[in-house]
Every structure is written in structure tokens, then in C-alpha cells.
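Chemist: Below is the file start.json, which contains JSON, C-alpha atoms.
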```json
[["chain", "number", "residue", "atom", "x", "y", "z"],
["A", 693, "MET", "CA", -92.44, 45.66, -16.09],
["A", 694, "ALA", "CA", -89.60, 46.28, -13.62],
["A", 695, "LYS", "CA", -86.65, 48.18, -14.87],
["A", 696, "LYS", "CA", -83.30, 46.44, -15.01],
["A", 697, "PRO", "CA", -80.86, 47.82, -12.47],
["A", 698, "GLU", "CA", -78.38, 50.08, -14.02],
["A", 699, "LYS", "CA", -74.88, 48.66, -14.37],
["A", 700, "LYS", "CA", -72.61, 50.38, -11.91],
["A", 701, "GLU", "CA", -69.46, 51.75, -13.43],
["A", 702, "VAL", "CA", -66.30, 50.34, -11.86],
["A", 703, "GLU", "CA", -64.15, 52.96, -10.17],
["A", 704, "THR", "CA", -60.81, 53.61, -11.87],
["A", 705, "THR", "CA", -57.41, 54.14, -10.30],
["A", 706, "GLY", "CA", -56.90, 57.32, -12.23],
["A", 707, "HIS", "CA", -54.03, 55.85, -14.20],
["A", 708, "ILE", "CA", -54.27, 56.28, -17.94],
["A", 709, "TRP", "CA", -51.96, 54.87, -20.63],
["A", 710, "ASP", "CA", -52.62, 55.86, -24.21],
["A", 711, "GLY", "CA", -56.22, 56.57, -23.36],
["A", 712, "ILE", "CA", -56.68, 53.24, -21.55],
["A", 713, "GLU", "CA", -57.94, 53.59, -17.97],
["A", 714, "GLU", "CA", -57.08, 51.13, -15.22],
["A", 715, "TYR", "CA", -60.00, 49.75, -13.25],
["A", 716, "ASN", "CA", -59.67, 49.60, -9.49],
["A", 717, "ASN", "CA", -60.87, 46.01, -9.15],
["A", 718, "PRO", "CA", -60.14, 44.49, -5.72],
["A", 719, "LEU", "CA", -57.79, 41.50, -5.55],
["A", 720, "PRO", "CA", -59.42, 38.11, -4.95],
["A", 721, "ARG", "CA", -59.81, 37.30, -1.25],
["A", 722, "TRP", "CA", -58.09, 33.91, -1.64],
["A", 723, "TRP", "CA", -55.08, 35.60, -3.18],
["A", 724, "LEU", "CA", -54.84, 38.19, -0.42],
["A", 725, "THR", "CA", -55.32, 35.53, 2.27],
["A", 726, "THR", "CA", -52.54, 33.40, 0.77],
["A", 727, "THR", "CA", -50.22, 36.42, 0.56],
["A", 728, "TYR", "CA", -50.83, 37.37, 4.20],
["A", 729, "LEU", "CA", -50.31, 33.79, 5.37],
["A", 730, "THR", "CA", -47.04, 33.62, 3.40],
["A", 731, "ILE", "CA", -45.82, 36.81, 5.05],
["A", 732, "ILE", "CA", -46.74, 35.50, 8.50],
["A", 733, "TRP", "CA", -44.99, 32.16, 7.75],
["A", 734, "GLY", "CA", -41.87, 34.02, 6.55],
["A", 735, "ILE", "CA", -41.72, 36.13, 9.70],
["A", 736, "GLY", "CA", -42.14, 33.01, 11.82],
["A", 737, "TYR", "CA", -39.36, 31.22, 9.93],
["A", 738, "ILE", "CA", -36.99, 34.14, 10.40],
["A", 739, "ILE", "CA", -37.69, 34.09, 14.14],
["A", 740, "LEU", "CA", -37.36, 30.30, 14.56],
["A", 741, "TYR", "CA", -34.57, 29.33, 12.14],
["A", 742, "PRO", "CA", -31.23, 30.73, 10.87],
["A", 743, "ALA", "CA", -32.20, 33.14, 8.13],
["A", 744, "ILE", "CA", -30.57, 36.57, 8.01],
["A", 745, "PRO", "CA", -26.92, 36.61, 6.88],
["A", 746, "LEU", "CA", -24.72, 38.87, 8.98],
["A", 747, "PRO", "CA", -20.94, 39.55, 8.86],
["A", 748, "GLY", "CA", -20.34, 37.14, 11.74],
["A", 749, "GLY", "CA", -22.77, 34.48, 10.51],
["A", 750, "ALA", "CA", -26.51, 34.08, 10.09],
["A", 751, "THR", "CA", -28.97, 34.81, 12.88],
["A", 752, "PRO", "CA", -29.29, 31.54, 14.88],
["A", 753, "GLY", "CA", -33.06, 31.54, 15.34],
["A", 754, "VAL", "CA", -34.97, 30.74, 18.52],
["A", 755, "LEU", "CA", -34.80, 26.97, 17.93],
["A", 756, "GLY", "CA", -31.03, 27.02, 17.39],
["A", 757, "TYR", "CA", -31.32, 24.62, 14.45],
["A", 758, "SER", "CA", -28.16, 23.87, 12.44],
["A", 759, "SER", "CA", -27.88, 21.62, 9.40],
["A", 760, "ARG", "CA", -24.14, 21.44, 10.07],
["A", 761, "ALA", "CA", -24.85, 20.16, 13.57],
["A", 762, "GLU", "CA", -27.13, 17.47, 12.13],
["A", 763, "VAL", "CA", -24.43, 16.35, 9.70],
["A", 764, "GLN", "CA", -21.82, 16.38, 12.47],
["A", 765, "LYS", "CA", -24.13, 14.28, 14.62],
["A", 766, "ASP", "CA", -24.37, 11.68, 11.85],
["A", 767, "ILE", "CA", -20.59, 11.74, 11.40],
["A", 768, "ASP", "CA", -20.05, 11.29, 15.14],
["A", 769, "GLU", "CA", -22.43, 8.33, 15.18],
["A", 770, "VAL", "CA", -20.57, 6.65, 12.31],
["A", 771, "ASN", "CA", -17.21, 7.35, 13.95],
["A", 772, "GLU", "CA", -18.47, 5.87, 17.19],
["A", 773, "ARG", "CA", -19.59, 2.68, 15.44],
["A", 774, "ASN", "CA", -16.28, 2.44, 13.56],
["A", 775, "ALA", "CA", -14.09, 3.21, 16.57],
["A", 776, "PRO", "CA", -13.31, -0.46, 17.35],
["A", 777, "LEU", "CA", -12.31, -1.07, 13.70],
["A", 778, "VAL", "CA", -10.15, 2.05, 13.63],
["A", 779, "GLU", "CA", -8.40, 0.94, 16.80],
["A", 780, "ARG", "CA", -7.84, -2.50, 15.31],
["A", 781, "VAL", "CA", -6.31, -0.95, 12.15],
["A", 782, "ASN", "CA", -3.92, 1.07, 14.30],
["A", 783, "GLN", "CA", -2.88, -1.97, 16.33],
["A", 784, "LEU", "CA", -2.16, -4.42, 13.52],
["A", 785, "GLU", "CA", 1.09, -4.64, 11.60],
["A", 786, "LEU", "CA", 0.69, -2.84, 8.28],
["A", 787, "ALA", "CA", 1.26, -6.00, 6.25],
["A", 788, "ALA", "CA", -1.40, -7.86, 8.22],
["A", 789, "ILE", "CA", -4.27, -5.38, 7.83],
["A", 790, "ALA", "CA", -5.51, -6.36, 4.35],
["A", 791, "SER", "CA", -5.73, -10.07, 5.21],
["A", 792, "ASP", "CA", -7.45, -9.56, 8.55],
["A", 793, "GLU", "CA", -11.04, -10.83, 8.34],
["A", 794, "GLU", "CA", -12.30, -8.22, 10.77],
["A", 795, "VAL", "CA", -10.87, -5.03, 9.28],
["A", 796, "GLY", "CA", -9.44, -5.91, 5.84],
["A", 797, "GLY", "CA", -12.45, -4.75, 3.84],
["A", 798, "PHE", "CA", -13.00, -1.78, 6.12],
["A", 799, "ALA", "CA", -9.41, -0.60, 5.65],
["A", 800, "ILE", "CA", -9.46, -0.95, 1.85],
["A", 801, "ASN", "CA", -12.81, 0.84, 1.51],
["A", 802, "GLY", "CA", -11.70, 3.55, 3.90],
["A", 803, "GLY", "CA", -8.37, 3.89, 2.09],
["A", 804, "GLU", "CA", -10.15, 4.26, -1.23],
["A", 805, "ALA", "CA", -12.27, 7.09, 0.23],
["A", 806, "VAL", "CA", -9.14, 8.80, 1.56],
["A", 807, "PHE", "CA", -7.36, 8.37, -1.78],
["A", 808, "LYS", "CA", -10.22, 9.76, -3.86],
["A", 809, "THR", "CA", -10.60, 12.71, -1.50],
["A", 810, "PHE", "CA", -6.97, 13.75, -1.08],
["A", 811, "CYS", "CA", -4.82, 11.96, -3.70],
["A", 812, "ALA", "CA", -6.84, 11.54, -6.90],
["A", 813, "GLN", "CA", -6.39, 15.20, -7.87],
["A", 814, "CYS", "CA", -2.75, 14.41, -8.75],
["A", 815, "HIS", "CA", -2.59, 10.65, -9.23],
["A", 816, "GLY", "CA", -5.97, 10.26, -10.94],
["A", 817, "SER", "CA", -9.09, 8.47, -9.74],
["A", 818, "GLY", "CA", -7.63, 5.14, -10.86],
["A", 819, "ALA", "CA", -4.13, 5.99, -9.54],
["A", 820, "ALA", "CA", -2.65, 5.76, -13.05],
["A", 821, "GLY", "CA", -0.92, 9.12, -12.63],
["A", 822, "SER", "CA", 0.02, 11.62, -15.32],
["A", 823, "PRO", "CA", 3.22, 13.42, -16.42],
["A", 824, "GLY", "CA", 4.94, 14.44, -13.19],
["A", 825, "TYR", "CA", 2.66, 12.33, -11.00],
["A", 826, "PRO", "CA", 3.61, 8.67, -10.53],
["A", 827, "ASN", "CA", 1.46, 5.73, -11.52],
["A", 828, "LEU", "CA", 0.68, 3.92, -8.26],
["A", 829, "ALA", "CA", -0.61, 0.76, -9.94],
["A", 830, "ASP", "CA", 2.61, -0.37, -11.63],
["A", 831, "ASP", "CA", 5.68, -2.11, -10.22],
["A", 832, "GLU", "CA", 8.06, 0.87, -10.29],
["A", 833, "TRP", "CA", 8.40, 2.89, -7.10],
["A", 834, "LEU", "CA", 10.78, 5.81, -6.67],
["A", 835, "TRP", "CA", 10.90, 5.40, -2.91],
["A", 836, "GLY", "CA", 10.00, 1.73, -2.58],
["A", 837, "GLY", "CA", 6.70, -0.07, -2.98],
["A", 838, "THR", "CA", 6.42, -2.15, 0.18],
["A", 839, "ILE", "CA", 3.46, -1.21, 2.33],
["A", 840, "GLU", "CA", 5.88, 0.18, 4.91],
["A", 841, "ASP", "CA", 7.53, 2.34, 2.24],
["A", 842, "ILE", "CA", 4.17, 3.58, 1.02],
["A", 843, "TYR", "CA", 3.12, 4.42, 4.58],
["A", 844, "GLU", "CA", 6.36, 6.36, 5.10],
["A", 845, "THR", "CA", 5.98, 8.30, 1.87],
["A", 846, "ILE", "CA", 2.39, 9.28, 2.65],
["A", 847, "SER", "CA", 3.35, 10.30, 6.19],
["A", 848, "VAL", "CA", 6.39, 12.47, 5.49],
["A", 849, "GLY", "CA", 5.80, 13.47, 1.87],
["A", 850, "ILE", "CA", 8.40, 14.12, -0.81],
["A", 851, "ARG", "CA", 10.45, 17.33, -0.74],
["A", 852, "ASP", "CA", 7.92, 18.90, 1.61],
["A", 853, "GLU", "CA", 9.87, 21.70, 3.23],
["A", 854, "ALA", "CA", 7.36, 21.88, 6.08],
["A", 855, "ASN", "CA", 8.28, 18.35, 7.23],
["A", 856, "TYR", "CA", 11.74, 17.75, 8.65],
["A", 857, "ASP", "CA", 11.60, 14.01, 7.92],
["A", 858, "THR", "CA", 10.38, 14.35, 4.34],
["A", 859, "ARG", "CA", 11.89, 12.20, 1.59],
["A", 860, "ILE", "CA", 14.39, 14.35, -0.18],
["A", 861, "SER", "CA", 16.55, 14.04, -3.29],
["A", 862, "GLN", "CA", 17.89, 16.64, -5.68],
["A", 863, "MET", "CA", 19.08, 16.09, -9.21],
["A", 864, "PRO", "CA", 21.60, 18.65, -10.46],
["A", 865, "ALA", "CA", 20.47, 20.99, -13.21],
["A", 866, "PHE", "CA", 23.35, 20.16, -15.54],
["A", 867, "GLY", "CA", 22.43, 22.82, -18.08],
["A", 868, "ALA", "CA", 21.12, 25.63, -15.87],
["A", 869, "ASP", "CA", 24.07, 25.25, -13.50],
["A", 870, "GLU", "CA", 26.49, 25.03, -16.45],
["A", 871, "LEU", "CA", 27.83, 21.67, -15.32],
["A", 872, "LEU", "CA", 27.58, 20.32, -18.88],
["A", 873, "GLY", "CA", 27.48, 21.99, -22.29],
["A", 874, "LYS", "CA", 24.69, 21.60, -24.82],
["A", 875, "GLU", "CA", 26.57, 19.02, -26.87],
["A", 876, "GLU", "CA", 27.41, 17.01, -23.76],
["A", 877, "ILE", "CA", 23.76, 17.09, -22.68],
["A", 878, "SER", "CA", 22.68, 15.97, -26.15],
["A", 879, "THR", "CA", 25.15, 13.06, -25.98],
["A", 880, "LEU", "CA", 23.93, 12.16, -22.49],
["A", 881, "VAL", "CA", 20.30, 12.28, -23.65],
["A", 882, "SER", "CA", 21.07, 9.79, -26.41],
["A", 883, "TYR", "CA", 22.89, 7.46, -24.04],
["A", 884, "VAL", "CA", 20.21, 7.58, -21.32],
["A", 885, "GLY", "CA", 17.56, 6.92, -23.95],
["A", 886, "SER", "CA", 19.50, 3.92, -25.19],
["A", 887, "LEU", "CA", 19.45, 2.35, -21.72],
["A", 888, "SER", "CA", 15.77, 1.54, -22.14],
["A", 889, "GLY", "CA", 15.86, 1.06, -25.91],
["A", 890, "ILE", "CA", 14.15, 4.36, -26.68],
["A", 891, "ASN", "CA", 16.75, 5.26, -29.25],
["A", 892, "GLY", "CA", 19.75, 3.67, -30.86],
["A", 893, "ALA", "CA", 22.81, 5.77, -30.08],
["A", 894, "GLY", "CA", 25.78, 5.15, -32.35],
["A", 895, "ALA", "CA", 28.81, 3.33, -31.01],
["A", 896, "ALA", "CA", 30.94, 6.46, -30.68],
["A", 897, "GLU", "CA", 28.08, 8.49, -29.20],
["A", 898, "ALA", "CA", 27.17, 5.70, -26.80],
["A", 899, "ALA", "CA", 30.77, 5.42, -25.62],
["A", 900, "ALA", "CA", 31.01, 9.18, -25.01],
["A", 901, "GLY", "CA", 27.58, 9.21, -23.34],
["A", 902, "GLU", "CA", 28.48, 6.31, -21.10],
["A", 903, "GLN", "CA", 31.55, 8.12, -19.83],
["A", 904, "LEU", "CA", 29.48, 11.24, -19.12],
["A", 905, "TYR", "CA", 26.85, 9.11, -17.43],
["A", 906, "LEU", "CA", 29.38, 7.36, -15.18],
["A", 907, "GLU", "CA", 30.90, 10.68, -14.19],
["A", 908, "SER", "CA", 27.66, 12.62, -13.63],
["A", 909, "CYS", "CA", 24.73, 10.24, -13.05],
["A", 910, "ALA", "CA", 25.88, 6.83, -11.84],
["A", 911, "ALA", "CA", 26.33, 7.95, -8.23],
["A", 912, "CYS", "CA", 22.52, 8.08, -7.88],
["A", 913, "HIS", "CA", 21.13, 5.98, -10.73],
["A", 914, "GLY", "CA", 23.76, 3.23, -10.52],
["A", 915, "ASP", "CA", 26.35, 2.15, -13.06],
["A", 916, "ASN", "CA", 23.72, 0.22, -15.01],
["A", 917, "GLY", "CA", 20.99, 2.87, -14.66],
["A", 918, "GLU", "CA", 18.72, 0.69, -12.56],
["A", 919, "GLY", "CA", 18.11, 3.40, -9.99],
["A", 920, "ASP", "CA", 17.99, 3.41, -6.21],
["A", 921, "SER", "CA", 14.69, 3.47, -4.31],
["A", 922, "PHE", "CA", 16.49, 4.39, -1.08],
["A", 923, "GLY", "CA", 17.45, 7.75, -2.57],
["A", 924, "GLY", "CA", 14.48, 8.17, -4.88],
["A", 925, "ALA", "CA", 16.56, 7.80, -8.06],
["A", 926, "PRO", "CA", 14.42, 6.32, -10.86],
["A", 927, "ASN", "CA", 15.28, 3.27, -12.93],
["A", 928, "LEU", "CA", 16.43, 4.45, -16.37],
["A", 929, "THR", "CA", 16.34, 1.03, -18.00],
["A", 930, "ASP", "CA", 12.59, 0.48, -18.07],
["A", 931, "ALA", "CA", 9.84, 2.07, -20.14],
["A", 932, "ILE", "CA", 8.36, 4.09, -17.26],
["A", 933, "TRP", "CA", 9.25, 7.78, -17.39],
["A", 934, "LEU", "CA", 7.66, 10.21, -14.97],
["A", 935, "TYR", "CA", 8.16, 13.30, -17.14],
["A", 936, "GLY", "CA", 8.32, 11.69, -20.57],
["A", 937, "SER", "CA", 11.04, 9.92, -22.54],
["A", 938, "ASP", "CA", 11.28, 11.83, -25.82],
["A", 939, "VAL", "CA", 14.37, 13.88, -26.61],
["A", 940, "ALA", "CA", 12.75, 17.16, -25.57],
["A", 941, "ALA", "CA", 11.61, 15.77, -22.20],
["A", 942, "LEU", "CA", 14.97, 14.15, -21.43],
["A", 943, "THR", "CA", 16.81, 17.32, -22.44],
["A", 944, "GLU", "CA", 14.60, 19.36, -20.13],
["A", 945, "THR", "CA", 15.11, 16.93, -17.26],
["A", 946, "ILE", "CA", 18.90, 16.83, -17.57],
["A", 947, "SER", "CA", 19.25, 20.55, -18.27],
["A", 948, "ASN", "CA", 16.96, 21.97, -15.61],
["A", 949, "SER", "CA", 16.30, 19.05, -13.25],
["A", 950, "ARG", "CA", 12.94, 18.08, -11.77],
["A", 951, "PHE", "CA", 11.74, 18.77, -8.24],
["A", 952, "GLY", "CA", 8.27, 17.31, -7.75],
["A", 953, "VAL", "CA", 6.68, 17.86, -4.35],
["A", 954, "MET", "CA", 4.16, 15.72, -2.46],
["A", 955, "PRO", "CA", 2.76, 17.08, 0.82],
["A", 956, "ALA", "CA", 3.29, 15.23, 4.06],
["A", 957, "TRP", "CA", -0.06, 13.92, 5.26],
["A", 958, "SER", "CA", 0.87, 13.26, 8.87],
["A", 959, "GLY", "CA", -0.95, 15.89, 10.89],
["A", 960, "ARG", "CA", -3.50, 16.33, 8.12],
["A", 961, "LEU", "CA", -4.83, 12.80, 8.18],
["A", 962, "SER", "CA", -5.25, 10.57, 11.20],
["A", 963, "GLU", "CA", -2.96, 7.60, 11.79],
["A", 964, "SER", "CA", -5.78, 5.27, 10.80],
["A", 965, "GLN", "CA", -6.48, 7.18, 7.56],
["A", 966, "ILE", "CA", -2.81, 7.01, 6.54],
["A", 967, "ARG", "CA", -2.73, 3.29, 7.28],
["A", 968, "GLN", "CA", -5.93, 2.68, 5.34],
["A", 969, "ALA", "CA", -4.63, 4.69, 2.37],
["A", 970, "SER", "CA", -1.41, 2.65, 2.46],
["A", 971, "VAL", "CA", -3.37, -0.60, 2.43],
["A", 972, "TYR", "CA", -5.55, 0.57, -0.47],
["A", 973, "ILE", "CA", -2.63, 1.81, -2.60],
["A", 974, "HIS", "CA", -0.61, -1.33, -1.92],
["A", 975, "ALA", "CA", -3.62, -3.44, -2.92],
["A", 976, "LEU", "CA", -3.92, -1.75, -6.32],
["A", 977, "GLY", "CA", -1.54, -4.37, -7.64],
["A", 978, "GLY", "CA", 1.73, -2.50, -8.05],
["A", 979, "GLY", "CA", 3.00, -2.70, -4.49],
["A", 980, "GLU", "CA", 6.11, -4.71, -3.77]]
```
Let me see the structure of the file written as C-alpha cells.

Modeler:
Amino acid sequence: MAKKPEKKEVETTGHIWDGIEEYNNPLPRWWLTTTYLTIIWGIGYIILYPAIPLPGGATPGVLGYSSRAEVQKDIDEVNERNAPLVERVNQLELAAIASDEEVGGFAINGGEAVFKTFCAQCHGSGAAGSPGYPNLADDEWLWGGTIEDIYETISVGIRDEANYDTRISQMPAFGADELLGKEEISTLVSYVGSLSGINGAGAAEAAAGEQLYLESCAACHGDNGEGDSFGGAPNLTDAIWLYGSDVAALTETISNSRFGVMPAWSGRLSESQIRQASVYIHALGGGE
């Protein structure tokens, strides 16, 4: 009877941990083949495509491929298709754009995209605003709500020192500049609040507040407190208050003034984008 072949002992690596030896078994051929192919593929990718980041940018690769270039190509194609519509938007009177069958929908959709990209951060995605940032969907406009007014405001901004033509107004800081004392400011706060029915100032207080108001505020806000959109002075007789209407907010406003800033978008946005944004904002329902 033939003897069974003796089992050959597997060679070890010589590494021993706690008495356990490590066999020197070869790696499976399929695993090694896959590893080598992966290495070859990686080297090929590095040669052909952008791959290695350098201080001045990634290596370009032999093929010169660029995902940015592909995106730009798509953008250029869309811009080329829209060029006739953009030209039409620029040619029409502002008030006629929304009702134009050819470009009305294009302008509103484009204006919405512009608004949500550049304006929603302050005015909110629905344009309802927040303290210090006007609601663009109501009927109260500091600088006028006609589409021409809206276009002008977007173009030149509000108190944007970088734009010479910006809309500018400055309310005195009656407290900080020591134009009025604390008691006078308190009396004026009560009277201003009474203009819109926020509080009920007493007869004596109202009379004193009215005199202070006529001397210090009426030049901008009007004798009746109805404001002046030409100068950006808000209406004090309605229920819309940009910075709040409680006693603390009114005291802060009168004492230290407010100086909100909106950037001028001319030079940052194209003429067509500003026009489209004007059409969209005016169409929200609050435009005059």
C-alpha cells in the first residue's frame, strides 16, 4: 500500500506574537491582479486628467479636461438661446415687460432666480423681510413702489457709499447727539406710537409730543406722519414698522437713529437681470 505524501509545512514569515507564528501564505492571484490593474489605472488617470493639487492649481492632464469648462459650455449655450429674450427685455419699457407675451414669463422666472440668489438672504425667500429688512410684498415702500422706483433702488442701492447716485437719507440720532433729553424722547415715543394707534398717549402728553414732533420730525415725515417716499421717510401712521413698534424699539430708533444699507447692484448684475428682478418684485403684489 502506497504511503500518503507527507504534508508539507507552510513556511512562516518569522513573525511571532504571543507564541503565534504567521504563515507566509501567498496572496490570491486574482487579488494581486486587481491591485496591479488599479495601480495602472490610477497612474493613467493622473496622466490623462487633472489630479494632483498644486499651489497654482491642479495638474491639467494630457486631455486637458475641465468640469468647469463643461459647465461654462452649458451656460454659454443657454445664454445664446436666451439672447433674443434678454435683448427684448432690455428694449421694452419696464411697465410693459410683465404683460408681454414673448418675454413676460421669462422675465418673472429670471427675476425670481436673481432674487433668490442675491436678495433672499436679507428679504427672505418669500420677500416678507425681517426686522431691518423691508417686506417687499406689502403696499408700503420707503422709496416708492412703482416698477421704475424698484428698478432705481436695485440699481443704485440705499446708503451705499460706493455708489455716487445711491438713495440716501439720514435720521438724526436725537439721543446720541443730545438733541433731545430722555424725557423728551419718551414723550415723542408716546406721540409717534399714538399716530398708528399703538398706544394711547394722554391729552397732555400727546400735546407735548405733537409739538416736539412738529419741531423735530415733521420736516421729513410730514405734519401728519404719513412719510415721504421721495426722501425715504417711512409712514408713521400705519402698522408697518421696519425695526419694531414697541417702546424699546421706538426709543432706540429715535435715540440712536437707523442707517440700513442695501448694496447697489448696477455693475454686479447685468441690465437685464436688474430689469427682471424689478419685474418679479413688482409682481409679488405689493408694487404700486

Chemist: Please provide the set of residues having any atom within 12 Å of Gly919 in chain A, restricted to all atoms listed in the file, with same-chain residues fewer than 3 positions apart removed, written as a ChimeraX atom specification.

Modeler: /A:832-836,887,909-916,922-930

Chemist: One decimal, in Å: what's the spacing between CA of Ile890 in chain A and CA of Glu944 in chain A?

Modeler: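 Taking CA of Ile890 in chain A as the start and CA of Glu944 in chain A as the end point, the length is 16.4 Å.
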
Chemist: Smallest atom-to-atom distance to Glu963 in chain A: which of A:Lys808, A:Arg780, A:Arg773, A:Arg721, using all atoms listed in the file?

Modeler: A:Arg780

Chemist: To one decimal place, how far is CA of Gly796 in chain A from CA of His815 in chain A in Å?

Modeler: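 Between these atoms lies a distance of 23.4 Å.
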
Chemist: Select, from A:Ile877, A:Ala743, A:Ile932, A:Val971, the residue with the minimum atom-to-atom distance to Ser822 in chain A, counting all atoms listed in the file.

Modeler: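 Checking each of A:Ile877, A:Ala743, A:Ile932, A:Val971 against Ser822 in chain A, counting all atoms listed in the file, the winner is A:Ile932.
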
Chemist: Would you kindly return, as an MDAnalysis selection string, each protein, DNA or RNA residue with an atom no farther than 12 Å from any atom of Ile966 in chain A, considering all atoms listed in the file and excluding same-chain residues fewer than 5 positions away?

Modeler: chainID A and resid 778 781:782 786 799:800 802:807 810:811 839:840 842:849 956:961 971:973

Chemist: Please identify all polymer residues lying at most 8 Å from the point (6.7, 10.3, -18.3) (file coordinates), using all atoms listed in the file, and present the result as a list in words.

Modeler: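 Taken together, the residues in range are Ser822, Pro823, Gly824, Ile932, Trp933, Leu934, Tyr935, Gly936 and Ser937 of chain A.
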
Chemist: Emit the selected residues as a PDB file, in the frame of the given file, including C-alpha atoms.

Modeler:
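Heads up, here's the output in out-v4.pdb:
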```pdb
ATOM      1  CA  SER A 822       0.020  11.620 -15.320  1.00  0.00           C
ATOM      2  CA  PRO A 823       3.220  13.420 -16.420  1.00  0.00           C
ATOM      3  CA  GLY A 824       4.940  14.440 -13.190  1.00  0.00           C
ATOM      4  CA  ILE A 932       8.360   4.090 -17.260  1.00  0.00           C
ATOM      5  CA  TRP A 933       9.250   7.780 -17.390  1.00  0.00           C
ATOM      6  CA  LEU A 934       7.660  10.210 -14.970  1.00  0.00           C
ATOM      7  CA  TYR A 935       8.160  13.300 -17.140  1.00  0.00           C
ATOM      8  CA  GLY A 936       8.320  11.690 -20.570  1.00  0.00           C
ATOM      9  CA  SER A 937      11.040   9.920 -22.540  1.00  0.00           C
TER      10      SER A 937
END
```

Chemist: For a quick check of understanding, using all atoms listed in the file, which of A:Ile860, A:Ala940, A:Leu746, A:Leu777 has the smallest distance to Gln965 in chain A?

Modeler: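 Closest to Gln965 in chain A of all the choices is A:Leu777.
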
Chemist: Quick one, how far is CA of Glu701 in chain A from CA of Glu713 in chain A?

Modeler: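 Separation between CA of Glu701 in chain A and CA of Glu713 in chain A: 12.5 Å.
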
Chemist: Near Gln903 in chain A, counting only C-alpha atoms, which residues have an atom at most 12 Å away, once you skip same-chain residues fewer than 2 positions from it, shown as a list of chain:residue names?

Modeler: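 My list of contacting residues is A:Glu876, A:Thr879, A:Leu880, A:Tyr883, A:Val884, A:Ala896, A:Glu897, A:Ala898, A:Ala899, A:Ala900, A:Gly901, A:Tyr905, A:Leu906, A:Glu907, A:Ser908, A:Cys909, A:Ala910, A:Asp915.
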
Chemist: Identify which of the residues A:Gly736, A:His707, A:Ile946, A:Glu772 lies closest to Leu871 in chain A, counting all atoms listed in the file when measuring atom-to-atom distances.

Modeler: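 Among the listed residues, A:Ile946 lies closest to Leu871 in chain A.
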
Chemist: Dump as a list in words all residues having an atom at most 7 Å from (-3.6, 0.8, -10.5), computed in the file's coordinates with all atoms listed in the file.

Modeler: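 Those within range, by chain then number, are Gly818, Ala819, Ala820, Leu828, Ala829, Asp830, Leu976, Gly977 and Gly978 of chain A.
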
Chemist: Excluding range 748-759 of chain A and residues on its chain fewer than 5 positions from it, collect all residues at most 8 Å away from it, counting all atoms listed in the file, and give them as number ranges by chain.

Modeler: A: 738-743

Chemist: How big is the axis-aligned box around the listed atoms of range 734-743 of chain A once 6 Å is added on each side, and where is its centre? Give both in Å to one decimal, as JSON.

Modeler:
```
{"center_x": -36.7, "center_y": 32.7, "center_z": 10.6, "size_x": 22.9, "size_y": 18.8, "size_z": 20.0}
```

Chemist: Quick one: residues within 8 Å of Glu703 in chain A, all atoms listed in the file, excluding same-chain residues fewer than 5 positions away - as JSON, numbers by chain?

Modeler: {"A": [715, 716, 717]}
